[in-house]
$ cat final-v5.pdb   # PDB, C-alpha atoms and all ligand atoms
ATOM      1  CA  MET K 107       0.000   0.000   0.000  1.00  0.00           C
ATOM      2  CA  PRO K 108       1.202   3.523  -0.755  1.00  0.00           C
ATOM      3  CA  SER K 109       1.862   5.965   2.077  1.00  0.00           C
ATOM      4  CA  VAL K 110      -0.889   8.332   3.198  1.00  0.00           C
ATOM      5  CA  ALA K 111       1.013  11.323   1.782  1.00  0.00           C
ATOM      6  CA  GLU K 112       1.597   9.670  -1.613  1.00  0.00           C
ATOM      7  CA  LEU K 113      -2.062   8.769  -1.870  1.00  0.00           C
ATOM      8  CA  ALA K 114      -3.277  12.209  -0.827  1.00  0.00           C
ATOM      9  CA  GLU K 115      -1.082  13.870  -3.442  1.00  0.00           C
ATOM     10  CA  ALA K 116      -2.169  11.575  -6.269  1.00  0.00           C
ATOM     11  CA  GLU K 117      -5.814  11.915  -5.220  1.00  0.00           C
ATOM     12  CA  ALA K 118      -5.653  15.722  -5.187  1.00  0.00           C
ATOM     13  CA  GLU K 119      -4.208  15.675  -8.720  1.00  0.00           C
ATOM     14  CA  LEU K 120      -7.205  13.695  -9.935  1.00  0.00           C
ATOM     15  CA  PHE K 121      -9.590  16.578  -9.275  1.00  0.00           C
ATOM     16  CA  PRO K 122      -7.621  19.837  -9.340  1.00  0.00           C
ATOM     17  CA  GLY K 123      -9.299  22.662  -7.418  1.00  0.00           C
ATOM     18  CA  ARG K 124     -11.109  20.401  -4.982  1.00  0.00           C
ATOM     19  CA  ARG K 125     -11.604  22.006  -1.577  1.00  0.00           C
ATOM     20  CA  LEU K 126     -12.987  19.858   1.195  1.00  0.00           C
ATOM     21  CA  ILE K 127     -14.372  21.061   4.502  1.00  0.00           C
ATOM     22  CA  GLU K 128     -15.594  19.099   7.490  1.00  0.00           C
ATOM     23  CA  ILE K 129     -19.300  19.219   8.284  1.00  0.00           C
ATOM     24  CA  ARG K 130     -20.341  18.299  11.782  1.00  0.00           C
ATOM     25  CA  GLU K 131     -23.870  17.047  12.260  1.00  0.00           C
ATOM     26  CA  LYS K 132     -25.425  15.735  15.404  1.00  0.00           C
ATOM     27  CA  ASN K 133     -24.783  12.066  14.770  1.00  0.00           C
ATOM     28  CA  PHE K 134     -22.513  12.130  11.761  1.00  0.00           C
ATOM     29  CA  ASN K 135     -19.454  14.111  10.647  1.00  0.00           C
ATOM     30  CA  TYR K 136     -18.377  14.128   7.038  1.00  0.00           C
ATOM     31  CA  TRP K 137     -16.131  15.921   4.562  1.00  0.00           C
ATOM     32  CA  ALA K 138     -17.531  17.610   1.464  1.00  0.00           C
ATOM     33  CA  ASP K 139     -16.793  20.260  -1.130  1.00  0.00           C
ATOM     34  CA  ALA K 140     -17.520  23.610   0.501  1.00  0.00           C
ATOM     35  CA  GLU K 141     -19.995  24.993  -2.083  1.00  0.00           C
ATOM     36  CA  SER K 142     -21.761  21.663  -2.449  1.00  0.00           C
ATOM     37  CA  ALA K 143     -22.196  21.431   1.324  1.00  0.00           C
ATOM     38  CA  VAL K 144     -23.924  24.837   1.399  1.00  0.00           C
ATOM     39  CA  ALA K 145     -26.278  23.771  -1.405  1.00  0.00           C
ATOM     40  CA  LEU K 146     -27.078  20.588   0.473  1.00  0.00           C
ATOM     41  CA  GLN K 147     -27.966  22.604   3.547  1.00  0.00           C
ATOM     42  CA  HIS K 148     -30.477  24.565   1.421  1.00  0.00           C
ATOM     43  CA  LEU K 149     -32.044  21.321   0.315  1.00  0.00           C
ATOM     44  CA  GLN K 150     -32.190  20.142   3.924  1.00  0.00           C
ATOM     45  CA  VAL K 151     -34.124  23.284   4.877  1.00  0.00           C
ATOM     46  CA  LYS K 152     -36.639  22.636   2.077  1.00  0.00           C
ATOM     47  CA  ALA K 153     -36.892  19.031   3.168  1.00  0.00           C
ATOM     48  CA  THR K 154     -37.602  19.995   6.769  1.00  0.00           C
ATOM     49  CA  ALA K 155     -40.423  22.285   5.595  1.00  0.00           C
ATOM     50  CA  GLN K 156     -41.992  19.296   3.843  1.00  0.00           C
ATOM     51  CA  GLY K 157     -41.589  16.900   6.739  1.00  0.00           C
ATOM     52  CA  PHE K 158     -38.386  15.084   5.787  1.00  0.00           C
ATOM     53  CA  LYS K 159     -35.427  14.937   8.131  1.00  0.00           C
ATOM     54  CA  LEU K 160     -32.911  14.765   5.303  1.00  0.00           C
ATOM     55  CA  GLN K 161     -29.552  13.400   6.410  1.00  0.00           C
ATOM     56  CA  VAL K 162     -26.297  12.539   4.709  1.00  0.00           C
ATOM     57  CA  CYS K 163     -24.944   9.015   5.117  1.00  0.00           C
ATOM     58  CA  SER K 164     -22.006   9.389   2.736  1.00  0.00           C
ATOM     59  CA  ALA K 165     -20.292  12.384   1.135  1.00  0.00           C
ATOM     60  CA  TYR K 166     -16.573  12.614   0.345  1.00  0.00           C
ATOM     61  CA  ARG K 167     -14.962   9.183   0.210  1.00  0.00           C
ATOM     62  CA  SER K 168     -11.188   8.705  -0.100  1.00  0.00           C
ATOM     63  CA  VAL K 169      -9.538   6.656  -2.834  1.00  0.00           C
ATOM     64  CA  GLU K 170      -8.067   4.465  -0.103  1.00  0.00           C
ATOM     65  CA  ARG K 171     -11.530   3.611   1.210  1.00  0.00           C
ATOM     66  CA  GLN K 172     -12.926   2.969  -2.289  1.00  0.00           C
ATOM     67  CA  TYR K 173      -9.885   0.810  -3.071  1.00  0.00           C
ATOM     68  CA  GLN K 174     -10.586  -1.313  -0.004  1.00  0.00           C
ATOM     69  CA  ILE K 175     -14.274  -1.683  -0.923  1.00  0.00           C
ATOM     70  CA  PHE K 176     -13.278  -2.706  -4.449  1.00  0.00           C
ATOM     71  CA  LYS K 177     -10.650  -5.163  -3.234  1.00  0.00           C
ATOM     72  CA  ASP K 178     -13.082  -6.762  -0.771  1.00  0.00           C
ATOM     73  CA  LYS K 179     -15.628  -7.228  -3.546  1.00  0.00           C
ATOM     74  CA  PHE K 180     -13.081  -8.508  -6.042  1.00  0.00           C
ATOM     75  CA  THR K 181     -11.758 -11.066  -3.561  1.00  0.00           C
ATOM     76  CA  GLY K 182     -15.220 -12.147  -2.393  1.00  0.00           C
ATOM     77  CA  LYS K 183     -15.035 -10.668   1.117  1.00  0.00           C
ATOM     78  CA  ARG K 184     -17.921  -8.339   0.375  1.00  0.00           C
ATOM     79  CA  GLN K 185     -21.150  -9.060  -1.504  1.00  0.00           C
ATOM     80  CA  VAL K 186     -21.588  -8.006  -5.115  1.00  0.00           C
ATOM     81  CA  LEU K 187     -25.210  -7.367  -6.109  1.00  0.00           C
ATOM     82  CA  ASP K 188     -26.759  -7.923  -9.517  1.00  0.00           C
ATOM     83  CA  ALA K 189     -29.372  -5.807 -11.319  1.00  0.00           C
ATOM     84  CA  THR K 190     -32.138  -7.221  -9.097  1.00  0.00           C
ATOM     85  CA  GLU K 191     -30.122  -6.347  -5.977  1.00  0.00           C
ATOM     86  CA  GLN K 192     -29.430 -10.041  -5.260  1.00  0.00           C
ATOM     87  CA  PRO K 193     -25.948 -11.298  -4.299  1.00  0.00           C
ATOM     88  CA  VAL K 194     -24.099 -12.698  -7.287  1.00  0.00           C
ATOM     89  CA  ASP K 195     -21.360 -15.378  -7.273  1.00  0.00           C
ATOM     90  CA  ILE K 196     -18.424 -13.824  -9.091  1.00  0.00           C
ATOM     91  CA  SER K 197     -15.863 -16.509  -8.202  1.00  0.00           C
ATOM     92  CA  ARG K 198     -15.918 -18.114 -11.661  1.00  0.00           C
ATOM     93  CA  LEU K 199     -15.790 -14.880 -13.634  1.00  0.00           C
ATOM     94  CA  SER K 200     -12.687 -13.547 -15.360  1.00  0.00           C
ATOM     95  CA  ALA K 201     -11.008 -10.493 -13.821  1.00  0.00           C
ATOM     96  CA  SER K 202     -12.631  -8.062 -16.237  1.00  0.00           C
ATOM     97  CA  GLU K 203     -16.054  -9.730 -15.846  1.00  0.00           C
ATOM     98  CA  LYS K 204     -15.703  -9.391 -12.076  1.00  0.00           C
ATOM     99  CA  ILE K 205     -14.884  -5.705 -12.427  1.00  0.00           C
ATOM    100  CA  LYS K 206     -17.880  -5.223 -14.721  1.00  0.00           C
ATOM    101  CA  ALA K 207     -20.189  -6.899 -12.183  1.00  0.00           C
ATOM    102  CA  ILE K 208     -18.795  -4.774  -9.343  1.00  0.00           C
ATOM    103  CA  THR K 209     -19.317  -1.518 -11.239  1.00  0.00           C
ATOM    104  CA  TYR K 210     -23.060  -2.106 -11.586  1.00  0.00           C
ATOM    105  CA  PHE K 211     -23.557  -0.787  -8.046  1.00  0.00           C
ATOM    106  CA  SER K 212     -20.104   0.246  -6.904  1.00  0.00           C
ATOM    107  CA  ALA K 213     -17.449   2.657  -8.120  1.00  0.00           C
ATOM    108  CA  LEU K 214     -13.866   1.840  -8.952  1.00  0.00           C
ATOM    109  CA  PRO K 215     -11.164   3.496  -6.849  1.00  0.00           C
ATOM    110  CA  GLY K 216     -10.271   6.855  -8.415  1.00  0.00           C
ATOM    111  CA  LEU K 217     -13.531   6.810 -10.379  1.00  0.00           C
ATOM    112  CA  SER K 218     -16.072   7.485  -7.659  1.00  0.00           C
ATOM    113  CA  ARG K 219     -17.969  10.750  -7.821  1.00  0.00           C
ATOM    114  CA  HIS K 220     -17.729  10.679  -4.027  1.00  0.00           C
ATOM    115  CA  HIS K 221     -14.002  11.494  -4.351  1.00  0.00           C
ATOM    116  CA  MET K 222     -14.958  15.032  -5.429  1.00  0.00           C
ATOM    117  CA  GLY K 223     -16.951  15.884  -2.309  1.00  0.00           C
ATOM    118  CA  THR K 224     -19.750  17.208  -4.532  1.00  0.00           C
ATOM    119  CA  ASP K 225     -21.868  14.086  -4.235  1.00  0.00           C
ATOM    120  CA  PHE K 226     -23.971  12.884  -1.318  1.00  0.00           C
ATOM    121  CA  ASP K 227     -25.949   9.793  -0.387  1.00  0.00           C
ATOM    122  CA  VAL K 228     -28.982  10.915   1.585  1.00  0.00           C
ATOM    123  CA  TYR K 229     -31.960   9.446   3.413  1.00  0.00           C
ATOM    124  CA  ALA K 230     -34.843  10.626   5.571  1.00  0.00           C
ATOM    125  CA  ALA K 231     -34.085   9.684   9.174  1.00  0.00           C
ATOM    126  CA  ASN K 232     -37.705  10.149  10.253  1.00  0.00           C
ATOM    127  CA  LEU K 233     -39.026   7.718   7.601  1.00  0.00           C
ATOM    128  CA  LEU K 234     -36.659   4.876   8.407  1.00  0.00           C
ATOM    129  CA  PRO K 235     -38.635   2.396  10.539  1.00  0.00           C
ATOM    130  CA  GLU K 236     -37.268   1.870  14.016  1.00  0.00           C
ATOM    131  CA  GLY K 237     -34.699  -0.899  14.134  1.00  0.00           C
ATOM    132  CA  GLN K 238     -34.399  -0.915  10.337  1.00  0.00           C
ATOM    133  CA  MET K 239     -30.839  -0.613   8.982  1.00  0.00           C
ATOM    134  CA  LEU K 240     -30.417   1.788   6.093  1.00  0.00           C
ATOM    135  CA  GLN K 241     -29.922  -0.309   2.927  1.00  0.00           C
ATOM    136  CA  LEU K 242     -29.427   2.126   0.040  1.00  0.00           C
ATOM    137  CA  THR K 243     -31.407  -0.091  -2.319  1.00  0.00           C
ATOM    138  CA  CYS K 244     -34.161   0.718  -4.829  1.00  0.00           C
ATOM    139  CA  ARG K 245     -36.503  -1.515  -2.845  1.00  0.00           C
ATOM    140  CA  GLU K 246     -36.599   1.238  -0.198  1.00  0.00           C
ATOM    141  CA  TYR K 247     -37.954   3.643  -2.838  1.00  0.00           C
ATOM    142  CA  ALA K 248     -40.684   1.376  -4.251  1.00  0.00           C
ATOM    143  CA  PRO K 249     -44.274   2.753  -4.164  1.00  0.00           C
ATOM    144  CA  ASP K 250     -45.148   0.746  -1.048  1.00  0.00           C
ATOM    145  CA  ALA K 251     -41.830   1.337   0.736  1.00  0.00           C
ATOM    146  CA  TYR K 252     -40.775   3.828   3.399  1.00  0.00           C
ATOM    147  CA  PHE K 253     -38.715   6.151   1.174  1.00  0.00           C
ATOM    148  CA  TYR K 254     -41.204   6.421  -1.697  1.00  0.00           C
ATOM    149  CA  SER K 255     -42.254   9.962  -0.715  1.00  0.00           C
ATOM    150  CA  LEU K 256     -38.604  10.932  -0.223  1.00  0.00           C
ATOM    151  CA  GLY K 257     -37.902   9.763  -3.768  1.00  0.00           C
ATOM    152  CA  GLN K 258     -40.722  11.979  -5.068  1.00  0.00           C
ATOM    153  CA  PHE K 259     -39.406  14.929  -3.057  1.00  0.00           C
ATOM    154  CA  LEU K 260     -35.835  14.519  -4.317  1.00  0.00           C
ATOM    155  CA  GLN K 261     -36.928  14.207  -7.922  1.00  0.00           C
ATOM    156  CA  VAL K 262     -38.809  17.507  -7.759  1.00  0.00           C
ATOM    157  CA  GLN K 263     -36.816  19.579  -5.262  1.00  0.00           C
ATOM    158  CA  ALA K 264     -33.184  18.501  -5.674  1.00  0.00           C
ATOM    159  CA  PRO K 265     -32.866  20.267  -9.075  1.00  0.00           C
ATOM    160  CA  SER K 266     -34.166  23.510  -7.538  1.00  0.00           C
ATOM    161  CA  CYS K 267     -31.075  23.496  -5.267  1.00  0.00           C
ATOM    162  CA  GLY K 268     -28.690  22.662  -8.119  1.00  0.00           C
ATOM    163  CA  PHE K 269     -28.547  18.895  -7.636  1.00  0.00           C
ATOM    164  CA  VAL K 270     -28.864  16.132 -10.191  1.00  0.00           C
ATOM    165  CA  GLN K 271     -29.263  12.380  -9.694  1.00  0.00           C
ATOM    166  CA  PRO K 272     -26.527  11.067 -11.996  1.00  0.00           C
ATOM    167  CA  PHE K 273     -27.358   7.406 -11.393  1.00  0.00           C
ATOM    168  CA  CYS K 274     -30.999   7.896 -12.369  1.00  0.00           C
ATOM    169  CA  MET K 275     -30.220   9.436 -15.755  1.00  0.00           C
ATOM    170  CA  ALA K 276     -31.074   7.663 -19.001  1.00  0.00           C
ATOM    171  CA  THR K 277     -27.403   7.815 -20.037  1.00  0.00           C
ATOM    172  CA  TRP K 278     -26.349   5.729 -17.001  1.00  0.00           C
ATOM    173  CA  HIS K 279     -26.293   1.971 -17.623  1.00  0.00           C
ATOM    174  CA  GLY K 280     -25.669   0.754 -14.074  1.00  0.00           C
ATOM    175  CA  GLY K 281     -27.996   0.447 -11.088  1.00  0.00           C
ATOM    176  CA  ARG K 282     -30.414   3.261 -10.258  1.00  0.00           C
ATOM    177  CA  GLU K 283     -29.465   5.230  -7.135  1.00  0.00           C
ATOM    178  CA  PRO K 284     -32.209   7.728  -6.239  1.00  0.00           C
ATOM    179  CA  TRP K 285     -30.407   8.511  -2.964  1.00  0.00           C
ATOM    180  CA  HIS K 286     -27.260   9.782  -4.713  1.00  0.00           C
ATOM    181  CA  LEU K 287     -27.248  13.544  -5.309  1.00  0.00           C
ATOM    182  CA  SER K 288     -24.599  15.540  -7.092  1.00  0.00           C
ATOM    183  CA  TYR K 289     -24.115  19.298  -6.937  1.00  0.00           C
ATOM    184  CA  SER K 290     -23.992  19.675 -10.658  1.00  0.00           C
ATOM    185  CA  GLN K 291     -22.135  22.944 -11.206  1.00  0.00           C
ATOM    186  CA  ARG K 292     -19.130  22.083  -9.006  1.00  0.00           C
ATOM    187  CA  ALA K 293     -19.058  18.457 -10.129  1.00  0.00           C
ATOM    188  CA  ARG K 294     -18.861  19.563 -13.764  1.00  0.00           C
ATOM    189  CA  GLN K 295     -16.037  21.974 -12.899  1.00  0.00           C
ATOM    190  CA  LEU K 296     -14.018  19.320 -11.104  1.00  0.00           C
ATOM    191  CA  LEU K 297     -14.667  16.688 -13.763  1.00  0.00           C
ATOM    192  CA  SER K 298     -13.368  19.040 -16.444  1.00  0.00           C
ATOM    193  CA  GLY K 299      -9.963  18.888 -14.709  1.00  0.00           C
ATOM    194  CA  PHE K 300      -9.929  15.072 -14.564  1.00  0.00           C
ATOM    195  CA  SER K 301      -7.402  13.244 -16.724  1.00  0.00           C
ATOM    196  CA  PHE K 302      -6.783   9.557 -17.336  1.00  0.00           C
ATOM    197  CA  GLU K 303      -3.046  10.266 -16.959  1.00  0.00           C
ATOM    198  CA  ALA K 304      -3.624  11.395 -13.358  1.00  0.00           C
ATOM    199  CA  LEU K 305      -5.606   8.198 -12.732  1.00  0.00           C
ATOM    200  CA  LEU K 306      -2.720   6.109 -14.105  1.00  0.00           C
ATOM    201  CA  LYS K 307      -0.332   7.910 -11.750  1.00  0.00           C
ATOM    202  CA  LEU K 308      -2.608   7.023  -8.862  1.00  0.00           C
ATOM    203  CA  TYR K 309      -2.967   3.384  -9.970  1.00  0.00           C
ATOM    204  CA  ALA K 310       0.832   3.095 -10.273  1.00  0.00           C
ATOM    205  CA  LEU K 311       0.968   3.313  -6.469  1.00  0.00           C
ATOM    206  CA  PHE K 312      -0.831  -0.042  -6.102  1.00  0.00           C
ATOM    207  CA  ASP K 313       0.506  -3.470  -6.992  1.00  0.00           C
ATOM    208  CA  ASP K 314      -2.323  -5.977  -6.451  1.00  0.00           C
ATOM    209  CA  ASP K 315      -2.654  -8.716  -9.076  1.00  0.00           C
ATOM    210  CA  PHE K 316      -5.882  -7.239 -10.397  1.00  0.00           C
ATOM    211  CA  MET K 317      -4.281  -3.876 -11.266  1.00  0.00           C
ATOM    212  CA  PRO K 318      -3.666  -4.624 -14.996  1.00  0.00           C
ATOM    213  CA  ALA K 319      -7.318  -5.658 -15.406  1.00  0.00           C
ATOM    214  CA  LEU K 320      -8.470  -2.641 -13.412  1.00  0.00           C
ATOM    215  CA  ILE K 321      -6.390  -0.268 -15.541  1.00  0.00           C
ATOM    216  CA  GLY K 322      -7.681  -1.851 -18.749  1.00  0.00           C
ATOM    217  CA  PHE K 323     -11.284  -1.596 -17.641  1.00  0.00           C
ATOM    218  CA  ALA K 324     -10.878   1.959 -16.364  1.00  0.00           C
ATOM    219  CA  LYS K 325      -9.277   3.089 -19.619  1.00  0.00           C
ATOM    220  CA  GLN K 326     -12.237   1.845 -21.599  1.00  0.00           C
ATOM    221  CA  HIS K 327     -15.005   3.025 -19.299  1.00  0.00           C
ATOM    222  CA  TYR K 328     -13.852   5.913 -17.108  1.00  0.00           C
ATOM    223  CA  ARG K 329     -16.070   8.531 -18.780  1.00  0.00           C
ATOM    224  CA  ASN K 330     -19.186   6.412 -18.270  1.00  0.00           C
ATOM    225  CA  LEU K 331     -18.210   5.370 -14.752  1.00  0.00           C
ATOM    226  CA  LEU K 332     -17.837   9.000 -13.680  1.00  0.00           C
ATOM    227  CA  CYS K 333     -21.036   9.990 -15.580  1.00  0.00           C
ATOM    228  CA  MET K 334     -19.037  12.618 -17.443  1.00  0.00           C
ATOM    229  CA  ASN K 335     -21.487  12.806 -20.359  1.00  0.00           C
TER     230      ASN K 335
HETATM  231 ZN    ZN E 401     -23.402   7.558  -3.718  1.00  0.00          ZN
END
$ encode --input "final-v5.pdb" --output "structure tokens" --more "lines below"
Ligand SMILES: [Zn+2]
Amino acid sequence: MPSVAELAEAEAELFPGRRLIEIREKNFNYWADAESAVALQHLQVKATAQGFKLQVCSAYRSVERQYQIFKDKFTGKRQVLDATEQPVDISRLSASEKIKAITYFSALPGLSRHHMGTDFDVYAANLLPEGQMLQLTCREYAPDAYFYSLGQFLQVQAPSCGFVQPFCMATWHGGREPWHLSYSQRARQLLSGFSFEALLKLYALFDDDFMPALIGFAKQHYRNLLCMN
């Protein structure tokens, strides 16, 4: 594994101009892009007025963390879900098939929009039934499920605060993620500074056996995986 300093430097070069600040909430602290965090607070105020206690469960995520998630999925330590949100056995797949399966619901390290700090996973704390663990699945947003009204709210009100739902767009071929919001203006700015060369520099710091397959897959798909279009 690379050192913390090496990783931080390579990660900062991926999205030049990124500026993260720490947000402290009652039960959860997170890091996010400063402007995006302000926009999210506006959306939270609107949500409160309509009866939703809108909370963030994930904002900025480091490359190191995403790398670990990816590695755990690739090596079978963590579940990989298919299009119907059921666990899939990836043990017999080739390396690139495994990576493809993982990317249906999960980002590759260096290619997560959460690295920018402009993107948030949200939920409504007051709609989550007591004792129910937050899943982040589409089942929670089905018409008879507890987040259905939250889904309706986000669809209508998120754009009015400058947010888009990149993983609900017609151009996205992976799993739908109605809980994932992106502060569009800042995300577009940061994505315009992204280069595949900077990603290669980052990947050069890692030496796991799957790296050649990961690099090959990333080269082919990075624009789609980051929803750059
Ligand atoms: Zn997300």
$ resolve_selection --input "final-v5.pdb" --expression "the PyMOL selection byres (((chain K and resi 315-324) around 10) and not hetatm)" --output "PyMOL selection string"
chain K and resi 177+180-181+200-206+214-217+302+305-306+309-310+312-314+325-331
$ atom_distance --input "final-v5.pdb" --atom1 "CA of Ala153 in chain K" --atom2 "CA of Phe259 in chain K"
7.9 Å
$ residues_near_ligand --input "final-v5.pdb" --ligand "ligand ZN 401 (chain E)" --cutoff "8 Å" --atoms "only C-alpha atoms and all ligand atoms" --output "number ranges by chain"
K: 164-165, 219-220, 225-227, 283, 285-287
$ residues_around --input "final-v5.pdb" --residues "Ala248 in chain K" --least-positions-apart "5" --cutoff "9 Å" --atoms "only C-alpha atoms" --output "list in words"
Phe253, Tyr254 and Gly257 of chain K
$ atom_distance --input "final-v5.pdb" --atom1 "CA of Leu296 in chain K" --atom2 "CA of Ala213 in chain K"
17.3 Å
$ axis_aligned_box --input "final-v5.pdb" --around "range 182-201 of chain K" --padding-each-side "3 Å" --output "lines of an AutoDock Vina configuration file"
center_x = -21.6
center_y = -12.0
center_z = -7.1
size_x = 27.1
size_y = 18.3
size_z = 22.5
$ atom_distance --input "final-v5.pdb" --atom1 "CA of Arg245 in chain K" --atom2 "CA of Ala189 in chain K"
11.9 Å
$ closest_atom_pairs --input "final-v5.pdb" --of "range 166-187 of chain K" --to "range 110-129 of chain K" --cutoff "12 Å" --atoms "only C-alpha atoms" --output "CSV"
residue,atom,partner,partner_atom,distance
K:Tyr166,CA,K:Leu126,CA,8.1
K:Arg167,CA,K:Leu126,CA,10.9
K:Ser168,CA,K:Glu117,CA,8.1
K:Val169,CA,K:Glu117,CA,6.9
K:Glu170,CA,K:Leu113,CA,7.6
K:Arg171,CA,K:Leu113,CA,11.2
K:Gln172,CA,K:Glu117,CA,11.8
K:Tyr173,CA,K:Leu113,CA,11.2
$ resolve_selection --input "final-v5.pdb" --expression "the PyMOL selection byres (((chain K and resi 140-149) around 9) and not hetatm)" --output "MDAnalysis selection string"
chainID K and resid 125:129 137:139 150:154 160 223:226 263:264 266:269 288:293
$ residues_around --input "final-v5.pdb" --residues "Cys163 in chain K" --least-positions-apart "6" --cutoff "10 Å" --atoms "all atoms listed in the file" --output "list in words"
Phe134, Asn135, Tyr136, Phe226, Asp227, Val228, Tyr229, Leu240, Leu242 and Trp285 of chain K
$ closest_residue --input "final-v5.pdb" --among "K:His221, K:Lys179, K:Arg282, K:Lys132" --to "Gln161 in chain K" --atoms "only C-alpha atoms"
K:Lys132
$ resolve_selection --input "final-v5.pdb" --expression "the PyMOL selection byres (((chain K and resi 252) around 12) and not hetatm)" --output "list in words"
Phe158, Tyr229, Ala230, Ala231, Asn232, Leu233, Leu234, Pro235, Glu236, Gln238, Leu240, Gln241, Leu242, Thr243, Cys244, Arg245, Glu246, Tyr247, Ala248, Pro249, Asp250, Ala251, Phe253, Tyr254, Ser255, Leu256, Gly257 and Gln258 of chain K
$ write_last_selection --input "final-v5.pdb" --atoms "C-alpha atoms" --output "mmCIF file, in the frame of the given file"
data_model
loop_
_atom_site.group_PDB
_atom_site.id
_atom_site.type_symbol
_atom_site.label_atom_id
_atom_site.label_comp_id
_atom_site.auth_asym_id
_atom_site.auth_seq_id
_atom_site.Cartn_x
_atom_site.Cartn_y
_atom_site.Cartn_z
ATOM 1 C CA PHE K 158 -38.386 15.084 5.787
ATOM 2 C CA TYR K 229 -31.960 9.446 3.413
ATOM 3 C CA ALA K 230 -34.843 10.626 5.571
ATOM 4 C CA ALA K 231 -34.085 9.684 9.174
ATOM 5 C CA ASN K 232 -37.705 10.149 10.253
ATOM 6 C CA LEU K 233 -39.026 7.718 7.601
ATOM 7 C CA LEU K 234 -36.659 4.876 8.407
ATOM 8 C CA PRO K 235 -38.635 2.396 10.539
ATOM 9 C CA GLU K 236 -37.268 1.870 14.016
ATOM 10 C CA GLN K 238 -34.399 -0.915 10.337
ATOM 11 C CA LEU K 240 -30.417 1.788 6.093
ATOM 12 C CA GLN K 241 -29.922 -0.309 2.927
ATOM 13 C CA LEU K 242 -29.427 2.126 0.040
ATOM 14 C CA THR K 243 -31.407 -0.091 -2.319
ATOM 15 C CA CYS K 244 -34.161 0.718 -4.829
ATOM 16 C CA ARG K 245 -36.503 -1.515 -2.845
ATOM 17 C CA GLU K 246 -36.599 1.238 -0.198
ATOM 18 C CA TYR K 247 -37.954 3.643 -2.838
ATOM 19 C CA ALA K 248 -40.684 1.376 -4.251
ATOM 20 C CA PRO K 249 -44.274 2.753 -4.164
ATOM 21 C CA ASP K 250 -45.148 0.746 -1.048
ATOM 22 C CA ALA K 251 -41.830 1.337 0.736
ATOM 23 C CA PHE K 253 -38.715 6.151 1.174
ATOM 24 C CA TYR K 254 -41.204 6.421 -1.697
ATOM 25 C CA SER K 255 -42.254 9.962 -0.715
ATOM 26 C CA LEU K 256 -38.604 10.932 -0.223
ATOM 27 C CA GLY K 257 -37.902 9.763 -3.768
ATOM 28 C CA GLN K 258 -40.722 11.979 -5.068
#
$ closest_residue --input "final-v5.pdb" --among "K:Thr190, K:Thr209, K:Ser197, K:Gln295" --to "Ile175 in chain K" --atoms "only C-alpha atoms"
K:Thr209
